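The file coords-v4.cif comes next; it holds mmCIF, C-alpha atoms.
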data_upload
#
loop_
_atom_site.group_PDB
_atom_site.id
_atom_site.type_symbol
_atom_site.label_atom_id
_atom_site.label_comp_id
_atom_site.auth_asym_id
_atom_site.auth_seq_id
_atom_site.Cartn_x
_atom_site.Cartn_y
_atom_site.Cartn_z
ATOM 1 C CA MET A 110 -87.595 -123.114 24.773
ATOM 2 C CA ILE A 111 -88.603 -125.952 22.469
ATOM 3 C CA ARG A 112 -87.293 -125.567 18.904
ATOM 4 C CA ILE A 113 -89.080 -127.562 16.210
ATOM 5 C CA ILE A 114 -86.973 -128.170 13.120
ATOM 6 C CA THR A 115 -87.900 -129.810 9.835
ATOM 7 C CA ASP A 116 -86.683 -129.885 6.255
ATOM 8 C CA SER A 117 -88.103 -128.299 3.134
ATOM 9 C CA THR A 118 -89.684 -131.543 1.902
ATOM 10 C CA SER A 119 -92.425 -130.809 4.439
ATOM 11 C CA ASP A 120 -93.521 -128.249 1.821
ATOM 12 C CA ILE A 121 -94.182 -125.658 4.505
ATOM 13 C CA SER A 122 -93.055 -122.311 3.109
ATOM 14 C CA GLN A 123 -90.351 -120.324 4.865
ATOM 15 C CA GLN A 124 -92.893 -117.589 5.566
ATOM 16 C CA HIS A 125 -95.391 -119.994 7.088
ATOM 17 C CA GLY A 126 -92.542 -121.567 9.043
ATOM 18 C CA LYS A 127 -91.859 -118.181 10.663
ATOM 19 C CA GLU A 128 -95.544 -117.870 11.532
ATOM 20 C CA LEU A 129 -95.451 -121.318 13.146
ATOM 21 C CA GLY A 130 -92.189 -120.542 14.957
ATOM 22 C CA ILE A 131 -90.227 -123.399 13.411
ATOM 23 C CA ASP A 132 -87.003 -123.788 11.428
ATOM 24 C CA ILE A 133 -87.074 -125.243 7.905
ATOM 25 C CA ILE A 134 -83.719 -126.332 6.481
ATOM 26 C CA PRO A 135 -83.718 -126.551 2.675
ATOM 27 C CA LEU A 136 -82.618 -129.474 0.570
ATOM 28 C CA ARG A 137 -81.243 -128.553 -2.862
ATOM 29 C CA VAL A 138 -82.434 -129.231 -6.374
ATOM 30 C CA ASN A 139 -79.719 -129.316 -9.027
ATOM 31 C CA PHE A 140 -80.321 -128.238 -12.606
ATOM 32 C CA ALA A 141 -77.678 -127.915 -15.312
ATOM 33 C CA ASP A 142 -77.295 -124.217 -14.500
ATOM 34 C CA GLY A 143 -76.672 -124.732 -10.779
ATOM 35 C CA ALA A 144 -78.043 -125.729 -7.391
ATOM 36 C CA TYR A 145 -81.087 -124.090 -5.832
ATOM 37 C CA ARG A 146 -82.146 -124.162 -2.189
ATOM 38 C CA ASP A 147 -85.685 -125.526 -2.089
ATOM 39 C CA GLY A 148 -88.163 -122.789 -1.195
ATOM 40 C CA ILE A 149 -85.467 -120.116 -0.893
ATOM 41 C CA ASP A 150 -83.652 -119.742 -4.213
ATOM 42 C CA ILE A 151 -86.506 -121.192 -6.247
ATOM 43 C CA THR A 152 -90.282 -121.092 -5.832
ATOM 44 C CA SER A 153 -92.556 -123.980 -6.748
ATOM 45 C CA ALA A 154 -93.798 -122.145 -9.850
ATOM 46 C CA GLU A 155 -90.245 -121.382 -10.974
ATOM 47 C CA PHE A 156 -89.240 -124.992 -10.397
ATOM 48 C CA TYR A 157 -92.024 -126.491 -12.524
ATOM 49 C CA LYS A 158 -91.261 -124.037 -15.305
ATOM 50 C CA LYS A 159 -87.599 -125.110 -15.279
ATOM 51 C CA LEU A 160 -88.605 -128.779 -15.049
ATOM 52 C CA ALA A 161 -90.729 -128.460 -18.195
ATOM 53 C CA GLN A 162 -87.820 -126.838 -20.043
ATOM 54 C CA SER A 163 -85.131 -129.214 -18.771
ATOM 55 C CA GLU A 164 -83.869 -131.977 -21.055
ATOM 56 C CA GLU A 165 -82.739 -134.044 -18.072
ATOM 57 C CA LEU A 166 -84.360 -134.759 -14.726
ATOM 58 C CA PRO A 167 -82.782 -132.534 -12.056
ATOM 59 C CA THR A 168 -81.129 -134.194 -9.087
ATOM 60 C CA THR A 169 -81.713 -133.453 -5.433
ATOM 61 C CA SER A 170 -79.239 -133.149 -2.563
ATOM 62 C CA GLN A 171 -79.842 -134.041 1.067
ATOM 63 C CA ILE A 172 -78.914 -131.762 3.965
ATOM 64 C CA ASN A 173 -75.425 -132.498 5.254
ATOM 65 C CA PRO A 174 -74.572 -132.959 8.974
ATOM 66 C CA TYR A 175 -72.700 -129.650 9.203
ATOM 67 C CA GLU A 176 -75.791 -127.654 8.247
ATOM 68 C CA PHE A 177 -77.662 -129.339 11.092
ATOM 69 C CA ASP A 178 -74.693 -128.933 13.418
ATOM 70 C CA ASN A 179 -74.610 -125.156 12.985
ATOM 71 C CA LEU A 180 -78.287 -124.806 13.879
ATOM 72 C CA PHE A 181 -78.169 -127.342 16.712
ATOM 73 C CA LYS A 182 -75.177 -125.605 18.276
ATOM 74 C CA LYS A 183 -76.924 -122.227 18.296
ATOM 75 C CA TYR A 184 -79.940 -123.601 20.132
ATOM 76 C CA ILE A 185 -78.110 -125.922 22.498
ATOM 77 C CA ASP A 186 -75.776 -123.086 23.532
ATOM 78 C CA ASN A 187 -78.921 -121.074 24.304
ATOM 79 C CA GLY A 188 -80.256 -123.844 26.542
ATOM 80 C CA ASP A 189 -83.087 -124.811 24.192
ATOM 81 C CA GLU A 190 -84.496 -128.271 23.481
ATOM 82 C CA ILE A 191 -84.688 -129.444 19.853
ATOM 83 C CA VAL A 192 -87.330 -131.633 18.222
ATOM 84 C CA GLY A 193 -86.308 -132.453 14.649
ATOM 85 C CA ILE A 194 -88.851 -134.166 12.382
ATOM 86 C CA PHE A 195 -87.539 -135.093 8.940
ATOM 87 C CA ILE A 196 -88.259 -136.781 5.620
ATOM 88 C CA SER A 197 -88.505 -140.583 5.599
ATOM 89 C CA SER A 198 -85.102 -142.249 5.835
ATOM 90 C CA HIS A 199 -86.194 -144.470 2.926
ATOM 91 C CA LEU A 200 -86.380 -141.430 0.642
ATOM 92 C CA SER A 201 -83.374 -139.316 1.668
ATOM 93 C CA GLY A 202 -80.227 -139.386 3.792
ATOM 94 C CA THR A 203 -81.352 -136.177 5.524
ATOM 95 C CA PHE A 204 -82.534 -138.014 8.653
ATOM 96 C CA GLN A 205 -79.174 -139.772 8.929
ATOM 97 C CA SER A 206 -77.405 -136.410 8.607
ATOM 98 C CA ALA A 207 -79.483 -135.029 11.473
ATOM 99 C CA VAL A 208 -78.621 -138.064 13.612
ATOM 100 C CA ALA A 209 -74.919 -137.596 12.821
ATOM 101 C CA ALA A 210 -75.140 -133.937 13.858
ATOM 102 C CA ARG A 211 -76.909 -134.864 17.080
ATOM 103 C CA ASP A 212 -74.207 -137.401 17.854
ATOM 104 C CA MET A 213 -71.557 -134.693 17.462
ATOM 105 C CA HIS A 214 -73.131 -132.975 20.457
ATOM 106 C CA ASN A 215 -74.141 -136.062 22.448
ATOM 107 C CA ASP A 216 -76.847 -133.890 24.016
ATOM 108 C CA LYS A 217 -79.981 -135.457 25.510
ATOM 109 C CA ASN A 218 -81.961 -132.331 24.591
ATOM 110 C CA ILE A 219 -81.768 -133.072 20.842
ATOM 111 C CA TYR A 220 -84.565 -135.380 19.679
ATOM 112 C CA ILE A 221 -84.563 -136.641 16.071
ATOM 113 C CA ILE A 222 -87.595 -138.301 14.463
ATOM 114 C CA ASP A 223 -87.747 -140.242 11.201
ATOM 115 C CA SER A 224 -91.235 -139.184 10.097
ATOM 116 C CA GLN A 225 -91.558 -142.046 7.577
ATOM 117 C CA ASN A 226 -93.337 -139.425 5.456
ATOM 118 C CA VAL A 227 -92.713 -136.599 3.005
ATOM 119 C CA THR A 228 -94.424 -133.504 1.549
ATOM 120 C CA PHE A 229 -97.765 -132.514 3.101
ATOM 121 C CA PRO A 230 -98.084 -135.678 5.259
ATOM 122 C CA LEU A 231 -94.795 -134.591 6.859
ATOM 123 C CA GLY A 232 -96.234 -131.078 7.060
ATOM 124 C CA LEU A 233 -99.274 -132.535 8.831
ATOM 125 C CA LEU A 234 -96.999 -133.970 11.525
ATOM 126 C CA ILE A 235 -95.148 -130.668 11.853
ATOM 127 C CA HIS A 236 -98.376 -128.727 12.343
ATOM 128 C CA GLN A 237 -99.428 -131.214 14.988
ATOM 129 C CA ALA A 238 -96.065 -130.915 16.756
ATOM 130 C CA VAL A 239 -96.549 -127.128 16.826
ATOM 131 C CA ARG A 240 -100.006 -127.595 18.364
ATOM 132 C CA PHE A 241 -98.543 -129.896 21.009
ATOM 133 C CA ARG A 242 -95.822 -127.337 21.748
ATOM 134 C CA ASP A 243 -98.353 -124.536 22.027
ATOM 135 C CA LYS A 244 -100.445 -126.634 24.441
ATOM 136 C CA GLY A 245 -97.431 -126.767 26.730
ATOM 137 C CA LEU A 246 -96.211 -130.318 26.173
ATOM 138 C CA THR A 247 -92.561 -130.979 26.941
ATOM 139 C CA ALA A 248 -90.123 -131.897 24.189
ATOM 140 C CA ALA A 249 -90.148 -135.536 25.318
ATOM 141 C CA GLN A 250 -93.959 -135.574 25.288
ATOM 142 C CA ILE A 251 -94.070 -134.060 21.776
ATOM 143 C CA VAL A 252 -91.666 -136.727 20.545
ATOM 144 C CA ALA A 253 -93.753 -139.511 22.091
ATOM 145 C CA GLU A 254 -96.940 -138.146 20.510
ATOM 146 C CA ILE A 255 -95.375 -137.767 17.045
ATOM 147 C CA GLU A 256 -93.768 -141.214 17.215
ATOM 148 C CA ASN A 257 -97.217 -142.658 17.969
ATOM 149 C CA LEU A 258 -98.921 -140.652 15.229
ATOM 150 C CA LYS A 259 -96.493 -141.117 12.358
ATOM 151 C CA SER A 260 -97.540 -144.690 11.583
ATOM 152 C CA ARG A 261 -101.139 -143.502 11.309
ATOM 153 C CA VAL A 262 -100.405 -140.793 8.745
ATOM 154 C CA ARG A 263 -101.848 -141.641 5.348
ATOM 155 C CA LEU A 264 -101.331 -140.172 1.900
ATOM 156 C CA VAL A 265 -103.172 -141.129 -1.255
ATOM 157 C CA ALA A 266 -102.528 -139.132 -4.409
ATOM 158 C CA VAL A 267 -103.040 -139.255 -8.141
ATOM 159 C CA VAL A 268 -100.168 -138.399 -10.463
ATOM 160 C CA ASN A 269 -100.157 -137.834 -14.193
ATOM 161 C CA THR A 270 -97.313 -140.275 -14.727
ATOM 162 C CA LEU A 271 -94.887 -142.445 -12.775
ATOM 163 C CA LYS A 272 -92.107 -141.435 -15.185
ATOM 164 C CA TYR A 273 -90.437 -139.021 -12.790
ATOM 165 C CA LEU A 274 -90.560 -141.440 -9.857
ATOM 166 C CA GLN A 275 -88.976 -144.131 -12.014
ATOM 167 C CA MET A 276 -86.310 -141.809 -13.458
ATOM 168 C CA GLY A 277 -85.440 -140.670 -9.956
ATOM 169 C CA GLY A 278 -85.093 -144.243 -8.712
ATOM 170 C CA ARG A 279 -87.982 -143.949 -6.221
ATOM 171 C CA ILE A 280 -89.913 -146.839 -7.799
ATOM 172 C CA SER A 281 -88.975 -149.736 -10.061
ATOM 173 C CA ALA A 282 -89.453 -149.827 -13.824
ATOM 174 C CA GLY A 283 -91.949 -152.646 -13.315
ATOM 175 C CA THR A 284 -94.057 -150.524 -10.987
ATOM 176 C CA ALA A 285 -93.943 -147.659 -13.479
ATOM 177 C CA VAL A 286 -95.513 -149.785 -16.221
ATOM 178 C CA VAL A 287 -98.948 -149.106 -14.718
ATOM 179 C CA GLY A 288 -98.648 -145.496 -15.860
ATOM 180 C CA SER A 289 -97.750 -146.286 -19.431
ATOM 181 C CA VAL A 290 -101.283 -146.948 -20.676
ATOM 182 C CA LEU A 291 -102.863 -143.982 -22.405
ATOM 183 C CA GLY A 292 -105.408 -142.192 -20.233
ATOM 184 C CA ILE A 293 -104.486 -144.051 -17.052
ATOM 185 C CA ASN A 294 -103.674 -142.041 -13.918
ATOM 186 C CA PRO A 295 -101.487 -143.893 -11.412
ATOM 187 C CA ILE A 296 -102.449 -143.630 -7.733
ATOM 188 C CA ILE A 297 -99.711 -143.667 -5.127
ATOM 189 C CA ALA A 298 -99.469 -143.904 -1.354
ATOM 190 C CA ILE A 299 -96.715 -143.795 1.239
ATOM 191 C CA ILE A 300 -96.444 -147.202 2.876
ATOM 192 C CA ASP A 301 -93.812 -147.923 5.541
ATOM 193 C CA GLY A 302 -91.935 -144.789 4.536
ATOM 194 C CA LYS A 303 -91.782 -145.662 0.847
ATOM 195 C CA VAL A 304 -93.708 -144.445 -2.194
ATOM 196 C CA GLU A 305 -95.804 -147.253 -3.629
ATOM 197 C CA SER A 306 -98.155 -147.515 -6.593
ATOM 198 C CA VAL A 307 -101.474 -148.719 -5.146
ATOM 199 C CA GLY A 308 -103.943 -148.341 -7.993
ATOM 200 C CA LYS A 309 -104.875 -146.771 -11.288
ATOM 201 C CA ALA A 310 -107.843 -144.953 -12.745
ATOM 202 C CA ARG A 311 -108.951 -143.590 -16.084
ATOM 203 C CA GLY A 312 -109.148 -139.833 -15.594
ATOM 204 C CA ARG A 313 -109.142 -137.690 -12.471
ATOM 205 C CA LYS A 314 -112.805 -138.151 -11.543
ATOM 206 C CA GLN A 315 -112.381 -141.917 -11.394
ATOM 207 C CA ALA A 316 -109.097 -141.399 -9.558
ATOM 208 C CA PHE A 317 -110.827 -139.252 -6.936
ATOM 209 C CA ARG A 318 -113.469 -141.941 -6.436
ATOM 210 C CA TRP A 319 -110.713 -144.561 -6.040
ATOM 211 C CA MET A 320 -108.981 -142.300 -3.495
ATOM 212 C CA LEU A 321 -112.216 -141.733 -1.589
ATOM 213 C CA ASP A 322 -112.783 -145.480 -1.333
ATOM 214 C CA TYR A 323 -109.218 -145.851 -0.014
ATOM 215 C CA VAL A 324 -109.787 -143.115 2.565
ATOM 216 C CA GLU A 325 -113.133 -144.508 3.727
ATOM 217 C CA LYS A 326 -111.674 -147.997 4.185
ATOM 218 C CA GLN A 327 -108.861 -146.524 6.308
ATOM 219 C CA GLY A 328 -111.093 -144.128 8.262
ATOM 220 C CA ILE A 329 -110.167 -140.592 9.292
ATOM 221 C CA ASP A 330 -109.477 -139.534 12.877
ATOM 222 C CA TYR A 331 -111.088 -136.100 12.956
ATOM 223 C CA SER A 332 -109.186 -135.159 16.114
ATOM 224 C CA TYR A 333 -106.502 -134.017 13.690
ATOM 225 C CA PRO A 334 -106.474 -131.820 10.577
ATOM 226 C CA ILE A 335 -106.665 -133.046 7.000
ATOM 227 C CA ALA A 336 -104.199 -131.841 4.371
ATOM 228 C CA PHE A 337 -104.535 -131.437 0.621
ATOM 229 C CA GLY A 338 -101.604 -130.773 -1.690
ATOM 230 C CA SER A 339 -100.852 -130.395 -5.375
ATOM 231 C CA SER A 340 -97.894 -129.867 -7.663
ATOM 232 C CA ASN A 341 -98.343 -126.591 -9.518
ATOM 233 C CA SER A 342 -102.055 -126.851 -10.242
ATOM 234 C CA GLU A 343 -104.476 -124.766 -8.186
ATOM 235 C CA GLU A 344 -107.297 -125.827 -10.502
ATOM 236 C CA ILE A 345 -106.744 -129.549 -9.892
ATOM 237 C CA LEU A 346 -106.273 -128.912 -6.170
ATOM 238 C CA ASN A 347 -109.599 -127.090 -5.932
ATOM 239 C CA GLU A 348 -111.274 -129.845 -7.947
ATOM 240 C CA CYS A 349 -109.962 -132.438 -5.496
ATOM 241 C CA ILE A 350 -111.038 -130.456 -2.420
ATOM 242 C CA GLU A 351 -114.528 -129.876 -3.811
ATOM 243 C CA PHE A 352 -114.871 -133.590 -4.563
ATOM 244 C CA PHE A 353 -113.910 -134.596 -1.011
ATOM 245 C CA LYS A 354 -115.758 -131.882 0.923
ATOM 246 C CA PRO A 355 -119.139 -133.677 1.045
ATOM 247 C CA HIS A 356 -117.387 -136.774 2.386
ATOM 248 C CA ILE A 357 -115.256 -135.289 5.178
ATOM 249 C CA ASP A 358 -116.460 -134.052 8.545
ATOM 250 C CA THR A 359 -114.036 -131.252 9.389
ATOM 251 C CA GLN A 360 -113.214 -127.623 8.655
ATOM 252 C CA ASP A 361 -109.648 -128.123 9.915
ATOM 253 C CA ILE A 362 -107.966 -128.303 6.515
ATOM 254 C CA LEU A 363 -104.366 -127.548 5.555
ATOM 255 C CA ILE A 364 -103.338 -126.673 1.995
ATOM 256 C CA SER A 365 -99.870 -127.288 0.570
ATOM 257 C CA ASP A 366 -97.892 -126.685 -2.619
ATOM 258 C CA ILE A 367 -95.661 -129.627 -3.484
ATOM 259 C CA GLY A 368 -92.225 -128.062 -3.852
ATOM 260 C CA SER A 369 -89.158 -128.751 -5.939
ATOM 261 C CA ILE A 370 -87.738 -131.772 -4.083
ATOM 262 C CA VAL A 371 -90.856 -133.928 -4.143
ATOM 263 C CA GLY A 372 -91.922 -132.312 -7.434
ATOM 264 C CA THR A 373 -88.776 -133.678 -9.081
ATOM 265 C CA TYR A 374 -90.204 -137.174 -8.646
ATOM 266 C CA ALA A 375 -93.956 -136.558 -8.649
ATOM 267 C CA GLY A 376 -93.942 -134.221 -11.645
ATOM 268 C CA PRO A 377 -96.587 -131.553 -12.305
ATOM 269 C CA ASP A 378 -100.344 -131.905 -11.771
ATOM 270 C CA ALA A 379 -100.211 -134.411 -8.919
ATOM 271 C CA VAL A 380 -102.834 -133.979 -6.191
ATOM 272 C CA GLY A 381 -103.688 -135.830 -3.013
ATOM 273 C CA ILE A 382 -105.088 -135.970 0.483
ATOM 274 C CA SER A 383 -103.347 -136.753 3.756
ATOM 275 C CA TYR A 384 -104.871 -137.494 7.152
ATOM 276 C CA ILE A 385 -104.436 -139.354 10.426
ATOM 277 C CA ALA A 386 -106.120 -142.756 10.244
ATOM 278 C CA LYS A 387 -108.314 -144.114 13.011
ATOM 279 C CA LYS A 388 -106.649 -146.466 15.466
#

For the file at hand, write its structure as structure tokens.
Amino acid sequence: MIRIITDSTSDISQQHGKELGIDIIPLRVNFADGAYRDGIDITSAEFYKKLAQSEELPTTSQINPYEFDNLFKKYIDNGDEIVGIFISSHLSGTFQSAVAARDMHNDKNIYIIDSQNVTFPLGLLIHQAVRFRDKGLTAAQIVAEIENLKSRVRLVAVVNTLKYLQMGGRISAGTAVVGSVLGINPIIAIIDGKVESVGKARGRKQAFRWMLDYVEKQGIDYSYPIAFGSSNSEEILNECIEFFKPHIDTQDILISDIGSIVGTYAGPDAVGISYIAKK
């Protein structure tokens, strides 16, 4: 059997993970009152409530090799093949932990992929891996397909502020200056596995138009689904989807809540679109 494993930064819920037949290993978010397993001990809504009340930015903890080792051992002993697809190595040491755990076993049936993505773009890759599995592809074929696709995954999103990304060390103070002007919404993308500020707009409507222009220049490959995600704002998410609907040619749409790990750096009220770009 092929076992697909990811981490909680994919922002696929544990329940949906069971429906997909995959394993989701949680990272941890650390507040002053203790550590919480992302998506298990704390929901997205609970996280954003605590974030608003917290005087300091919480920290996050990567998955350690022994957590991967325990799961790998169970499946390898059962004769299964493992395809692990994890958060960008530029954003967390989780991928390196998975590699270390694989090396403990030295088993050719454990495949580890650095997705070069995070949150719902990573979730987009996971959903596609599940579709490949369900079509009967071998583990090696799934890995080859995902390795080819990952560089074509795009994310463009609007955030209320770059403050959290700067405080968390994900972007430089200089990059964060763009978000300091009153009424300006920073626009971010994932480029080469890193979060980058790519634009700015005054208000969400202008931001959505900027994002649409970005998407249309890239071009969407409609052979694959499109994903929308937001951090604790169903209203803003729906507004974004309704804006894009007349401009996209698919009903294959995935919806995601941005959870506590990515939410620590993105903050509340971020929203974006992810897709596979044309070749």

Please provide the set of residues having any atom within 6 Å of Ser117 of chain A, restricted to only C-alpha atoms, with same-chain residues fewer than 5 positions apart removed, written as a PDB file with C-alpha atoms, keeping the file's coordinate frame.
ATOM      1  CA  ILE A 133     -87.074-125.243   7.905  1.00  0.00           C
ATOM      2  CA  ILE A 134     -83.719-126.332   6.481  1.00  0.00           C
ATOM      3  CA  PRO A 135     -83.718-126.551   2.675  1.00  0.00           C
TER       4      PRO A 135
END

For Ile131 of chain A, the nearest of the candidates A:Val192, A:Ala266, A:Ile345, A:Leu166, counting all atoms listed in the file: A:Val192

Using only C-alpha atoms, find each residue of segment 129-191 of chain A with at least one atom at most 12 Å away from an atom of segment 377-385 of chain A; report its shortest atom-to-atom pair and that distance in Å (one decimal), sort the rows by chain and rising residue number, and return the result as JSON lines.
{"residue": "A:Ser153", "atom": "CA", "partner": "A:Pro377", "partner_atom": "CA", "distance": 10.2}
{"residue": "A:Ala154", "atom": "CA", "partner": "A:Pro377", "partner_atom": "CA", "distance": 10.1}
{"residue": "A:Phe156", "atom": "CA", "partner": "A:Pro377", "partner_atom": "CA", "distance": 10.0}
{"residue": "A:Tyr157", "atom": "CA", "partner": "A:Pro377", "partner_atom": "CA", "distance": 6.8}
{"residue": "A:Lys158", "atom": "CA", "partner": "A:Pro377", "partner_atom": "CA", "distance": 9.7}
{"residue": "A:Lys159", "atom": "CA", "partner": "A:Pro377", "partner_atom": "CA", "distance": 11.5}
{"residue": "A:Leu160", "atom": "CA", "partner": "A:Pro377", "partner_atom": "CA", "distance": 8.9}
{"residue": "A:Ala161", "atom": "CA", "partner": "A:Pro377", "partner_atom": "CA", "distance": 8.9}

Atom CA of Leu363 of chain A to atom CA of Phe337 of chain A: how many Å, to one decimal? 6.3 Å

From the list A:Ala386, A:Arg313, A:Ile367, A:Val239, which residue is nearest Ser332 of chain A when using all atoms listed in the file?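 Nearest to Ser332 of chain A: A:Ala386.
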
What would the selection look like, as a ChimeraX atom specification, if the PyMOL selection byres ((chain A and resi 224-231) around 7) were run on the coordinates I just shared? /A:118-120,194-198,222-223,232-235,259,262,264,299,301-302,336,338,365,367,371,383

I need the residue nearest Ile149 of chain A from this list: A:Ile221, A:Tyr184, A:Ser369, A:Phe317. Use all atoms listed in the file for the distance.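 Comparing A:Ile221, A:Tyr184, A:Ser369, A:Phe317 against Ile149 of chain A, the winner is A:Ser369.
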
By how many Å are atom CA of Arg263 of chain A and atom CA of Ala298 of chain A apart?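 Going from atom CA of Arg263 of chain A over to atom CA of Ala298 of chain A covers 7.5 Å.
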
Under the rule that all atoms listed in the file are counted, which of A:Val304, A:Ile357, A:Met213, A:Ile219 is the nearest residue to Gly188 of chain A?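 Going through A:Val304, A:Ile357, A:Met213, A:Ile219 one by one, the smallest distance to Gly188 of chain A is for A:Ile219.
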
Distance query Val268 of chain A at most 10 Å, all atoms listed in the file, self and fewer than 3 positions along chain excluded, as a PyMOL selection string: chain A and resi 271-272+288+293-297+309+313+316+339-340+375-381

For a quick check of understanding, using all atoms listed in the file, which of A:Val265, A:Glu344, A:Thr270, A:Asp361 has the smallest distance to Leu321 of chain A?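 Going through A:Val265, A:Glu344, A:Thr270, A:Asp361 one by one, the smallest distance to Leu321 of chain A is for A:Val265.
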
On this file, the PyMOL selection byres ((chain A and resi 169) around 10) gives some set of residues; write that set as a PyMOL selection string. chain A and resi 136-140+144-147+166-168+170-172+201+277+369-371+373-374
